[in-house]
Amino acid sequence: MGPLTRIQREARPESMLLNMGPSHPAMHGTIRIMLELDAEKILNAEVEVGYLHRGFEKTCENKTFFNLLIYTDRLNYVSPLINNLGYAMTMEKMLGVTVPERAQLIRVLMSEISRVSDHLTCLAAMTMECGAFTVFLYMMKAREFLWDVIEFTAGARMTTSYIRIGGVRADLHPDWRASVSTAIRETRRVLQDVSGLIDQNSIFLGRTRGVGAISKEDALSFGWTGPCLRSTGIPYDVRKAHPYLVYDRLSFEVPVGEFGDNYDRYSVRMREMEQSLRLIEQVAVLLPDAPPLPAGPAVEPAEAVRGSRRQRTPGRIRLSPNLEGSEKERLDGLAARSPSVGVPAKEDTYTSMEGLISHFLFFMGGKGIRPPKGDVYFSVEGGNGELGFYIVSDGTDRPYRLHLRAPCFHVVAALEQLIKGRLIADVIPTFGSMNMIGGELDR
Amino acid sequence: MSGFDFLTTRLETALGWGRKFSLFHYPFITACCGMEYMSAACAHFDIDRFGAGLTRFSPRQADLLLVVGTVTHKLAPVLRTVYDQMLEPKWVIAFGACAVSGGIYRNYAVVQGIDRIVPVDVYIPGCPPRPETVLDGLMKLQDKIQNQKQDWRWARKP
Amino acid sequence: MGPETLIDAIRTKLGPAVEGVADSCGDPVLILRSDSVRASMAALREAPFDYAVLLDLTCVDFAAPEGRLELVYHLFSLSRNVRLRLKASLPAADPAVETLVGLWKNAEWLEREVFDMFGVRFEGHPYLRRILTYEGFEGHPLRKTYPWRLAQPRIPLKDGE
Ligand code: SF4
């Protein structure tokens, strides 16, 4: 038993202390709320976080810039691709790299898909905790279709590490248009169904309208960003305020709420998903089909390696299916092709001496990506708001310090204030609408 | 039902059969793997087909503890308490690389595998495991339950 | 206000509190004296600068090369849509600085995090307690002297290292 916590010290003798979480279904396993109660009424609350503190920042200091990309996937694990994007773009800012147009469009496509799945998951959990299990099932269904697009392209469903420093790892799946349009269609249908089920539902309204409301000033003072800030009526969106990638060329609106209560947070997310779907459609129009590969026979990888031993220049190599889209010919449009930024093409690595050397030079300790000395901050609009990376480099191949500006850390900091004076039942939708993601909150 | 008027079996087998198809699980969800747990539990993959669809959010009502995600040192006592609160017979599945071994987090904050805290029956690898892997792991557990020595209280009375 | 005039205006306003100005990848950076952090921040929060949001607070451990810790504040002005980075150096032994609690509401948690990870004392903070690690944790994990893999279990673990 350590020293008393604040709430224990301050508790009135006649009131009851109740512990909610960390292993509580609505607390997502990683947060603990201590409540001081007078019957159902919350007199005082204290939030304890850190149950998912996985040492992300310390670990990154011990990994090379290339290797730590996988850890960024697991920050906000509902929209991993946006985290990848944030990290990759911070590094690009530091290295001064420009990303090819095609890769930028693919990045927008992927991050909007992730944003939709992020909002879907948040609302699914929130509504389920309010009792709307159907909505949960519907939204998870839509998420599966979105993840199909990601899986076809990146080979993994969640933790893809698809967006790399300098570009993206591989081209889109040849059939991506079909999967994207299925996903959009299914998601739209689900959104419509959910609106029909929930928007006018008096139980849901009773638990969300006017509950957990926050004023504009308080939201700013807590450093809120993202959908939660927009629900109070402030239209701040990093994509509009500090445009990155090609967002300034796409048309989308920034939905805002009015009262900053749970219902507004719900409805902002719902409308934002519609905007994200619009963005996906626009990108799908802008994005040309992958350039066709040169005609002519292709050799199997093993054969090419054998041939290269006999100094024979290999023809075009047919890559194994899981590397589809990362052929050497395609890489030009997908990543900045500089030996100090990206992995050299696999075809070269396996069939030529120079390729092998440059592969080793990239991965050898002390070599590889070495940004200049200095520090940099860059942020993108994550699922929860401004997702910023602050990186300090000392000129070696590992970050001296890497800090994540986690949007939901600031949001959850306000939870104590929002639930004080309310009923226990109000904790659930208030907390649910904040979209607390442990990996991002505790890092 | 002509021709199927009676059935013989061993009590042990019948009990195992009953137990393996009525797993009430308690999802101890902490991290990213929880997203795949949600997928596995929902319509596309439908864990309910294997009799494990009923989620209980109280350890006292559950007999399968699914540890989904990273367990940190800060969370370790909580996991221990939850396990202790469950009633016998009980089983534990370690879901995902983090629960199995600490996964990619080998540092000051993360417990290197939940088998340091509670006994584990089935380990599901993957970071995160695909839902198919989860279902496979569940079937492995069902095999194990079917074939293990069933203990029932009344048999042990003197 | 363009970036140049803005920095000049801030320097005029804050006077000797500003020790220097730097530029990192195109972003302006102000280096503050550590004993005037709170006063400077309070001034920056008001018009005409209007940095209404404390975007982020973190710390960098330069103890081994330079014997100091560096606090890094990020401010954001919604009305003018600009960010500003401020830094303040603290001695590595017993670092302490004034708290920002009272100016911004998220300062309470942000400062608790820096205290937890680096051991910086924030004077005047109402509730300086560990936030990401737990009571009983010894040391500050993001200090460079803290070994990366040194775990401090709370309960006995089976065949632990
Ligand atoms: S195994 Fe991977 S996906 Fe699962 S919790 Fe650990 S890091 Fe996350």
# chains A, B, ... in the order shown; residues from 1 in each chain; ligands from 1
>>> closest_atom_pairs(of="chain A", to="ligand 1", cutoff="9 Å", atoms="only C-alpha atoms and all ligand atoms", output="CSV")
residue,atom,partner,partner_atom_place_in_ligand_line,distance
A:Tyr71,CA,ligand 1,7 (S),7.9
A:Asp73,CA,ligand 1,7 (S),8.6
A:Arg74,CA,ligand 1,8 (Fe),5.8
A:Leu75,CA,ligand 1,8 (Fe),8.8
A:Tyr77,CA,ligand 1,8 (Fe),7.6
A:Met158,CA,ligand 1,3 (S),8.0
A:Thr159,CA,ligand 1,3 (S),7.0
A:Gly439,CA,ligand 1,8 (Fe),8.4
>>> residues_around(residues="stretch 71-77 of chain C", least_positions_apart="2", cutoff="8 Å", atoms="only C-alpha atoms", output="tab-separated table (two decimals) with all heavy atoms, in the first residue's frame")
chain	number	residue	atom	x	y	z
C	49	PHE	N	-0.53	37.55	-28.46
C	49	PHE	CA	0.04	36.29	-28.96
C	49	PHE	C	-1.02	35.20	-28.99
C	49	PHE	O	-1.08	34.42	-29.92
C	49	PHE	CB	1.23	35.88	-28.09
C	49	PHE	CG	2.24	36.97	-27.97
C	49	PHE	CD1	2.48	37.59	-26.76
C	49	PHE	CD2	2.92	37.40	-29.09
C	49	PHE	CE1	3.40	38.61	-26.66
C	49	PHE	CE2	3.84	38.42	-29.00
C	49	PHE	CZ	4.08	39.04	-27.78
C	50	ASP	N	-1.80	35.12	-27.92
C	50	ASP	CA	-2.99	34.28	-27.96
C	50	ASP	C	-2.68	32.79	-28.15
C	50	ASP	O	-3.36	32.11	-28.91
C	50	ASP	CB	-3.93	34.78	-29.07
C	50	ASP	CG	-5.35	34.32	-28.82
C	50	ASP	OD1	-5.64	33.96	-27.68
C	50	ASP	OD2	-6.15	34.34	-29.76
C	51	TYR	N	-1.65	32.33	-27.49
C	51	TYR	CA	-1.36	30.89	-27.57
C	51	TYR	C	-2.27	30.19	-26.55
C	51	TYR	O	-1.89	29.97	-25.40
C	51	TYR	CB	0.10	30.61	-27.27
C	51	TYR	CG	1.00	31.00	-28.41
C	51	TYR	CD1	1.74	32.17	-28.38
C	51	TYR	CD2	1.09	30.19	-29.52
C	51	TYR	CE1	2.56	32.51	-29.43
C	51	TYR	CE2	1.90	30.53	-30.59
C	51	TYR	CZ	2.64	31.70	-30.53
C	51	TYR	OH	3.43	32.03	-31.58
C	52	ALA	N	-3.45	29.84	-27.00
C	52	ALA	CA	-4.46	29.38	-26.04
C	52	ALA	C	-4.33	27.90	-25.70
C	52	ALA	O	-4.97	27.44	-24.76
C	52	ALA	CB	-5.85	29.64	-26.60
C	53	VAL	N	-3.55	27.16	-26.46
C	53	VAL	CA	-3.50	25.72	-26.25
C	53	VAL	C	-2.08	25.31	-25.86
C	53	VAL	O	-1.12	25.68	-26.54
C	53	VAL	CB	-3.92	24.97	-27.52
C	53	VAL	CG1	-3.94	23.47	-27.27
C	53	VAL	CG2	-5.28	25.43	-28.00
C	54	LEU	N	-1.98	24.59	-24.77
C	54	LEU	CA	-0.71	23.94	-24.45
C	54	LEU	C	-0.74	22.59	-25.16
C	54	LEU	O	-1.38	21.65	-24.73
C	54	LEU	CB	-0.57	23.75	-22.94
C	54	LEU	CG	0.65	22.97	-22.47
C	54	LEU	CD1	1.93	23.65	-22.89
C	54	LEU	CD2	0.63	22.80	-20.96
C	55	LEU	N	-0.05	22.55	-26.28
C	55	LEU	CA	-0.17	21.38	-27.15
C	55	LEU	C	0.53	20.19	-26.54
C	55	LEU	O	0.03	19.07	-26.57
C	55	LEU	CB	0.44	21.73	-28.50
C	55	LEU	CG	-0.09	21.05	-29.73
C	55	LEU	CD1	-1.58	21.21	-29.82
C	55	LEU	CD2	0.55	21.68	-30.96
C	56	ASP	N	1.68	20.45	-25.98
C	56	ASP	CA	2.48	19.31	-25.55
C	56	ASP	C	3.55	19.79	-24.60
C	56	ASP	O	3.99	20.93	-24.65
C	56	ASP	CB	3.12	18.66	-26.77
C	56	ASP	CG	3.64	17.28	-26.45
C	56	ASP	OD1	3.20	16.73	-25.43
C	56	ASP	OD2	4.47	16.76	-27.19
C	57	LEU	N	3.95	18.89	-23.74
C	57	LEU	CA	5.08	19.16	-22.85
C	57	LEU	C	5.89	17.89	-22.74
C	57	LEU	O	5.34	16.82	-22.50
C	57	LEU	CB	4.58	19.58	-21.46
C	57	LEU	CG	5.59	19.52	-20.32
C	57	LEU	CD1	6.76	20.42	-20.60
C	57	LEU	CD2	4.94	19.91	-19.02
C	58	THR	N	7.16	17.99	-22.97
C	58	THR	CA	8.00	16.82	-22.79
C	58	THR	C	9.37	17.27	-22.35
C	58	THR	O	9.60	18.44	-22.08
C	58	THR	CB	8.05	15.97	-24.06
C	58	THR	OG1	8.75	14.78	-23.76
C	58	THR	CG2	8.73	16.67	-25.19
C	59	CYS	N	10.25	16.32	-22.27
C	59	CYS	CA	11.56	16.61	-21.72
C	59	CYS	C	12.57	15.77	-22.48
C	59	CYS	O	12.23	14.71	-23.00
C	59	CYS	CB	11.55	16.25	-20.23
C	59	CYS	SG	13.02	16.69	-19.36
C	60	VAL	N	13.80	16.25	-22.58
C	60	VAL	CA	14.86	15.48	-23.20
C	60	VAL	C	16.02	15.44	-22.23
C	60	VAL	O	16.36	16.44	-21.62
C	60	VAL	CB	15.32	16.12	-24.53
C	60	VAL	CG1	16.27	15.20	-25.25
C	60	VAL	CG2	14.13	16.44	-25.40
C	69	LEU	N	18.80	18.78	-18.31
C	69	LEU	CA	17.57	18.31	-18.92
C	69	LEU	C	16.97	19.47	-19.68
C	69	LEU	O	17.17	20.63	-19.31
C	69	LEU	CB	16.57	17.84	-17.86
C	69	LEU	CG	16.96	16.72	-16.93
C	69	LEU	CD1	15.80	16.40	-16.01
C	69	LEU	CD2	17.32	15.49	-17.71
C	79	SER	N	-6.31	31.06	-32.96
C	79	SER	CA	-6.78	32.19	-33.77
C	79	SER	C	-5.80	32.51	-34.87
C	79	SER	O	-6.19	32.94	-35.95
C	79	SER	CB	-7.00	33.40	-32.87
C	79	SER	OG	-5.81	33.67	-32.16
C	80	ARG	N	-4.50	32.33	-34.61
C	80	ARG	CA	-3.54	32.67	-35.65
C	80	ARG	C	-2.98	31.43	-36.34
C	80	ARG	O	-2.15	31.54	-37.25
C	80	ARG	CB	-2.41	33.51	-35.06
C	80	ARG	CG	-2.94	34.87	-34.59
C	80	ARG	CD	-1.85	35.76	-34.07
C	80	ARG	NE	-1.20	35.16	-32.92
C	80	ARG	CZ	0.05	34.72	-32.94
C	80	ARG	NH1	0.77	34.82	-34.02
C	80	ARG	NH2	0.57	34.18	-31.87
C	81	ASN	N	-3.39	30.25	-35.88
C	81	ASN	CA	-3.01	29.00	-36.52
C	81	ASN	C	-1.49	28.84	-36.62
C	81	ASN	O	-0.96	28.51	-37.67
C	81	ASN	CB	-3.65	28.89	-37.90
C	81	ASN	CG	-3.59	27.48	-38.44
C	81	ASN	OD1	-3.39	26.55	-37.67
C	81	ASN	ND2	-3.72	27.33	-39.74
C	82	VAL	N	-0.78	29.12	-35.55
C	82	VAL	CA	0.66	28.88	-35.55
C	82	VAL	C	1.04	28.13	-34.27
C	82	VAL	O	0.39	28.24	-33.24
C	82	VAL	CB	1.48	30.18	-35.61
C	82	VAL	CG1	1.48	30.76	-36.99
C	82	VAL	CG2	0.98	31.18	-34.59
C	83	ARG	N	2.11	27.40	-34.41
C	83	ARG	CA	2.65	26.69	-33.25
C	83	ARG	C	3.95	27.36	-32.85
C	83	ARG	O	4.61	28.02	-33.64
C	83	ARG	CB	2.95	25.24	-33.62
C	83	ARG	CG	1.76	24.47	-34.10
C	83	ARG	CD	2.07	22.98	-34.07
C	83	ARG	NE	0.97	22.23	-34.67
C	83	ARG	CZ	1.03	21.70	-35.90
C	83	ARG	NH1	2.11	21.85	-36.63
C	83	ARG	NH2	0.00	21.03	-36.37
C	84	LEU	N	4.31	27.16	-31.61
C	84	LEU	CA	5.56	27.71	-31.12
C	84	LEU	C	6.20	26.70	-30.20
C	84	LEU	O	5.52	26.08	-29.38
C	84	LEU	CB	5.30	29.02	-30.37
C	84	LEU	CG	6.52	29.71	-29.77
C	84	LEU	CD1	7.44	30.20	-30.86
C	84	LEU	CD2	6.08	30.88	-28.91
C	85	ARG	N	7.49	26.51	-30.35
C	85	ARG	CA	8.21	25.60	-29.45
C	85	ARG	C	9.08	26.40	-28.50
C	85	ARG	O	9.76	27.33	-28.92
C	85	ARG	CB	9.07	24.65	-30.27
C	85	ARG	CG	9.65	23.52	-29.46
C	85	ARG	CD	10.50	22.61	-30.31
C	85	ARG	NE	9.81	22.22	-31.51
C	85	ARG	CZ	10.44	21.90	-32.64
C	85	ARG	NH1	11.74	21.93	-32.73
C	85	ARG	NH2	9.74	21.57	-33.71
C	86	LEU	N	9.00	26.05	-27.25
C	86	LEU	CA	9.82	26.75	-26.25
C	86	LEU	C	10.63	25.71	-25.49
C	86	LEU	O	10.14	24.63	-25.20
C	86	LEU	CB	8.94	27.51	-25.27
C	86	LEU	CG	8.04	28.55	-25.90
C	86	LEU	CD1	6.61	28.24	-25.62
C	86	LEU	CD2	8.40	29.92	-25.43
C	87	LYS	N	11.84	26.09	-25.16
C	87	LYS	CA	12.68	25.16	-24.42
C	87	LYS	C	13.25	25.84	-23.20
C	87	LYS	O	13.48	27.05	-23.20
C	87	LYS	CB	13.85	24.69	-25.30
C	87	LYS	CG	13.43	23.87	-26.48
C	87	LYS	CD	14.63	23.44	-27.25
C	87	LYS	CE	14.22	22.59	-28.42
C	87	LYS	NZ	15.36	22.29	-29.27
C	88	ALA	N	13.47	25.05	-22.18
C	88	ALA	CA	14.11	25.59	-20.98
C	88	ALA	C	15.01	24.52	-20.43
C	88	ALA	O	14.63	23.35	-20.36
C	88	ALA	CB	13.06	25.98	-19.95
C	89	SER	N	16.21	24.90	-20.07
C	89	SER	CA	17.18	23.92	-19.56
C	89	SER	C	17.15	23.89	-18.04
C	89	SER	O	17.02	24.91	-17.39
C	89	SER	CB	18.58	24.28	-20.02
C	89	SER	OG	18.68	24.08	-21.39
C	90	LEU	N	17.31	22.68	-17.52
C	90	LEU	CA	17.34	22.51	-16.08
C	90	LEU	C	18.60	21.71	-15.74
C	90	LEU	O	19.06	20.92	-16.55
C	90	LEU	CB	16.12	21.70	-15.60
C	90	LEU	CG	14.74	22.26	-15.95
C	90	LEU	CD1	13.68	21.27	-15.53
C	90	LEU	CD2	14.51	23.57	-15.24
>>> residues_around(residues="stretch 33-37 of chain A", least_positions_apart="2", cutoff="6 Å", atoms="only C-alpha atoms", output="compact mmCIF listing (two decimals) with N, CA, C and O atoms, in the first residue's frame")
# COMPACT_ATOMS: atom_id res chain seq x y z
N SER A 15 -19.26 9.13 2.72
CA SER A 15 -19.47 8.70 1.34
C SER A 15 -18.73 7.39 1.07
O SER A 15 -17.91 6.96 1.85
N MET A 16 -19.07 6.82 -0.07
CA MET A 16 -18.53 5.50 -0.38
C MET A 16 -17.52 5.63 -1.52
O MET A 16 -17.70 6.38 -2.46
N LEU A 17 -16.43 4.88 -1.40
CA LEU A 17 -15.44 4.88 -2.48
C LEU A 17 -15.65 3.64 -3.33
O LEU A 17 -15.75 2.53 -2.80
N LEU A 18 -15.69 3.83 -4.62
CA LEU A 18 -15.91 2.69 -5.52
C LEU A 18 -14.84 2.72 -6.59
O LEU A 18 -14.47 3.77 -7.11
N ASN A 19 -14.38 1.55 -6.90
CA ASN A 19 -13.30 1.42 -7.86
C ASN A 19 -13.86 0.86 -9.15
O ASN A 19 -14.50 -0.18 -9.16
N MET A 20 -13.65 1.56 -10.25
CA MET A 20 -14.16 1.09 -11.54
C MET A 20 -12.95 0.76 -12.39
O MET A 20 -12.15 1.63 -12.71
N ALA A 39 -24.70 7.61 -2.82
CA ALA A 39 -25.62 6.76 -3.57
C ALA A 39 -25.15 6.67 -5.01
O ALA A 39 -24.04 6.25 -5.28
N LYS A 41 -24.70 9.24 -7.02
CA LYS A 41 -24.13 10.51 -7.47
C LYS A 41 -22.62 10.52 -7.23
O LYS A 41 -22.14 10.10 -6.18
N ILE A 42 -21.89 11.00 -8.22
CA ILE A 42 -20.44 11.04 -8.11
C ILE A 42 -20.03 12.36 -7.50
O ILE A 42 -20.26 13.42 -8.07
N LEU A 43 -19.44 12.30 -6.32
CA LEU A 43 -19.01 13.53 -5.68
C LEU A 43 -17.62 13.92 -6.15
O LEU A 43 -17.29 15.09 -6.29
N ASN A 44 -16.81 12.93 -6.36
CA ASN A 44 -15.42 13.21 -6.70
C ASN A 44 -14.92 12.02 -7.50
O ASN A 44 -15.43 10.91 -7.35
N ALA A 45 -13.96 12.25 -8.35
CA ALA A 45 -13.45 11.16 -9.16
C ALA A 45 -11.97 11.34 -9.36
O ALA A 45 -11.46 12.45 -9.36
N GLU A 46 -11.30 10.22 -9.49
CA GLU A 46 -9.89 10.29 -9.83
C GLU A 46 -9.62 9.21 -10.87
O GLU A 46 -10.03 8.06 -10.71
N VAL A 47 -8.95 9.61 -11.93
CA VAL A 47 -8.67 8.69 -13.02
C VAL A 47 -7.22 8.27 -12.92
O VAL A 47 -6.34 9.10 -12.76
>>> closest_residue(among="C:Thr99, C:Thr12, C:Thr133, C:Thr145", to="chain B", atoms="only C-alpha atoms")
C:Thr133
>>> closest_residue(among="C:Ser24, C:Ser40, C:Gln152, C:Ser34", to="chain A", atoms="only C-alpha atoms")
C:Ser24
>>> interface_residues(of="chain B", to="chain C", cutoff="12 Å", atoms="only C-alpha atoms", output="JSON, numbers by chain")
{"B": [71, 72, 73, 74, 75, 76, 77, 78, 79, 80, 81, 105, 106, 107, 108, 109, 110, 111, 112, 113, 114, 115, 116, 117, 118, 119]}
>>> closest_residue(among="A:Pro339, A:Pro407, A:Pro371, A:Pro255", to="A:Glu274", atoms="only C-alpha atoms")
A:Pro255
>>> select_by_dssp(residues="stretch 2-135 of chain C", states="strand (DSSP E or B)", output="number ranges by chain")
C: 18-24, 27-32, 53-62, 68-77, 82-91, 96-98, 101, 104, 121-123
>>> atom_distance(atom1="atom CA of A:Lys373", atom2="atom CA of A:Asp442")
27.9 Å
>>> interface_residues(of="chain A", to="chain B", cutoff="8 Å", atoms="only C-alpha atoms", output="short mmCIF file (atom, residue, chain, number, x, y, z; two decimals) with C-alpha atoms, in the first residue's frame")
data_model
loop_
_atom_site.label_atom_id
_atom_site.label_comp_id
_atom_site.auth_asym_id
_atom_site.auth_seq_id
_atom_site.Cartn_x
_atom_site.Cartn_y
_atom_site.Cartn_z
CA PRO A 22 -9.03 -1.52 -14.71
CA SER A 23 -10.67 -4.81 -15.52
CA HIS A 24 -14.10 -3.45 -16.17
CA PRO A 25 -15.82 -4.06 -19.51
CA HIS A 28 -11.27 -1.17 -22.00
CA GLY A 29 -8.98 -2.90 -19.57
CA THR A 30 -6.52 -0.13 -19.11
CA GLY A 50 -0.76 3.91 -17.22
CA TYR A 51 -1.92 0.32 -17.14
CA LEU A 52 -0.78 -0.07 -20.71
CA HIS A 53 2.46 1.83 -20.38
CA ARG A 54 4.64 -0.31 -22.60
CA GLY A 55 7.74 1.83 -22.67
CA THR A 59 12.17 1.34 -26.66
CA ARG A 74 0.70 -0.26 -31.97
CA TYR A 77 -4.06 0.44 -32.77
CA VAL A 78 -7.42 1.18 -34.29
CA LEU A 137 -22.29 -5.93 -34.71
CA MET A 140 -17.77 -4.40 -36.84
CA LYS A 141 -19.14 -5.80 -40.06
CA GLU A 144 -14.19 -5.98 -41.79
CA ARG A 157 -5.17 -6.60 -41.21
CA MET A 158 -4.10 -4.26 -38.48
CA THR A 159 -0.43 -3.86 -37.79
CA GLY A 438 -4.67 2.51 -24.34
CA GLY A 439 -1.69 2.21 -26.63
#
>>> select_by_dssp(residues="chain C", states="alpha helix (DSSP H)", output="VMD selection string")
chain C and resid 3 to 14 37 to 45 63 to 66 107 to 118
>>> interface_residues(of="chain A", to="chain C", cutoff="7 Å", atoms="only C-alpha atoms", output="PyMOL selection string")
chain A and resi 2+49-50+53+58+94+220-223+241+374-376+401+405+410+413+442
>>> residues_around(residues="C:Pro95", least_positions_apart="2", cutoff="9 Å", atoms="only C-alpha atoms", output="ChimeraX atom specification")
/C:68-69,90-93,97,119-122
>>> atom_distance(atom1="atom CA of A:Asp248", atom2="atom CA of A:Leu286")
13.6 Å
>>> residues_around(residues="stretch 90-92 of chain B", least_positions_apart="2", cutoff="8 Å", atoms="only C-alpha atoms", output="ChimeraX atom specification")
/B:62-67,86-88,94,119-122
>>> write_last_selection(atoms="C-alpha atoms", output="PDB file, in the first residue's frame")
ATOM      1  CA  ALA B  62     -16.466 -17.371 -16.401  1.00  0.00           C
ATOM      2  CA  ASP B  63     -14.443 -20.480 -16.924  1.00  0.00           C
ATOM      3  CA  LEU B  64     -12.171 -19.349 -19.729  1.00  0.00           C
ATOM      4  CA  LEU B  65      -9.870 -16.411 -19.220  1.00  0.00           C
ATOM      5  CA  LEU B  66      -8.769 -14.842 -22.483  1.00  0.00           C
ATOM      6  CA  VAL B  67      -5.795 -12.615 -21.837  1.00  0.00           C
ATOM      7  CA  MET B  86     -12.505 -17.521 -11.221  1.00  0.00           C
ATOM      8  CA  LEU B  87     -14.029 -20.795 -10.145  1.00  0.00           C
ATOM      9  CA  GLU B  88     -12.695 -24.231 -11.001  1.00  0.00           C
ATOM     10  CA  ALA B  94      -2.788 -16.318 -23.953  1.00  0.00           C
ATOM     11  CA  PRO B 119      -0.887 -20.959 -15.719  1.00  0.00           C
ATOM     12  CA  VAL B 120      -1.707 -20.981 -19.428  1.00  0.00           C
ATOM     13  CA  ASP B 121      -3.416 -23.745 -21.392  1.00  0.00           C
ATOM     14  CA  VAL B 122      -3.218 -22.540 -24.968  1.00  0.00           C
TER      15      VAL B 122
END
>>> atom_distance(atom1="atom CA of A:Gly432", atom2="atom CA of A:Met126")
4.4 Å
>>> residues_around(residues="stretch 421-430 of chain A", least_positions_apart="3", cutoff="7 Å", atoms="only C-alpha atoms", output="list in words")
Ala26, Glu40, Lys41, Ile42, Leu43, Met126, Glu129, Cys130, Arg207, Thr208, Val211, Gly212, Asn262, Ser433 and Met434 of chain A
>>> residues_around(residues="A:Arg177", least_positions_apart="6", cutoff="12 Å", atoms="only C-alpha atoms", output="PyMOL selection string")
chain A and resi 109+148-149+152-153+183-184+280-281+283-285+287-290
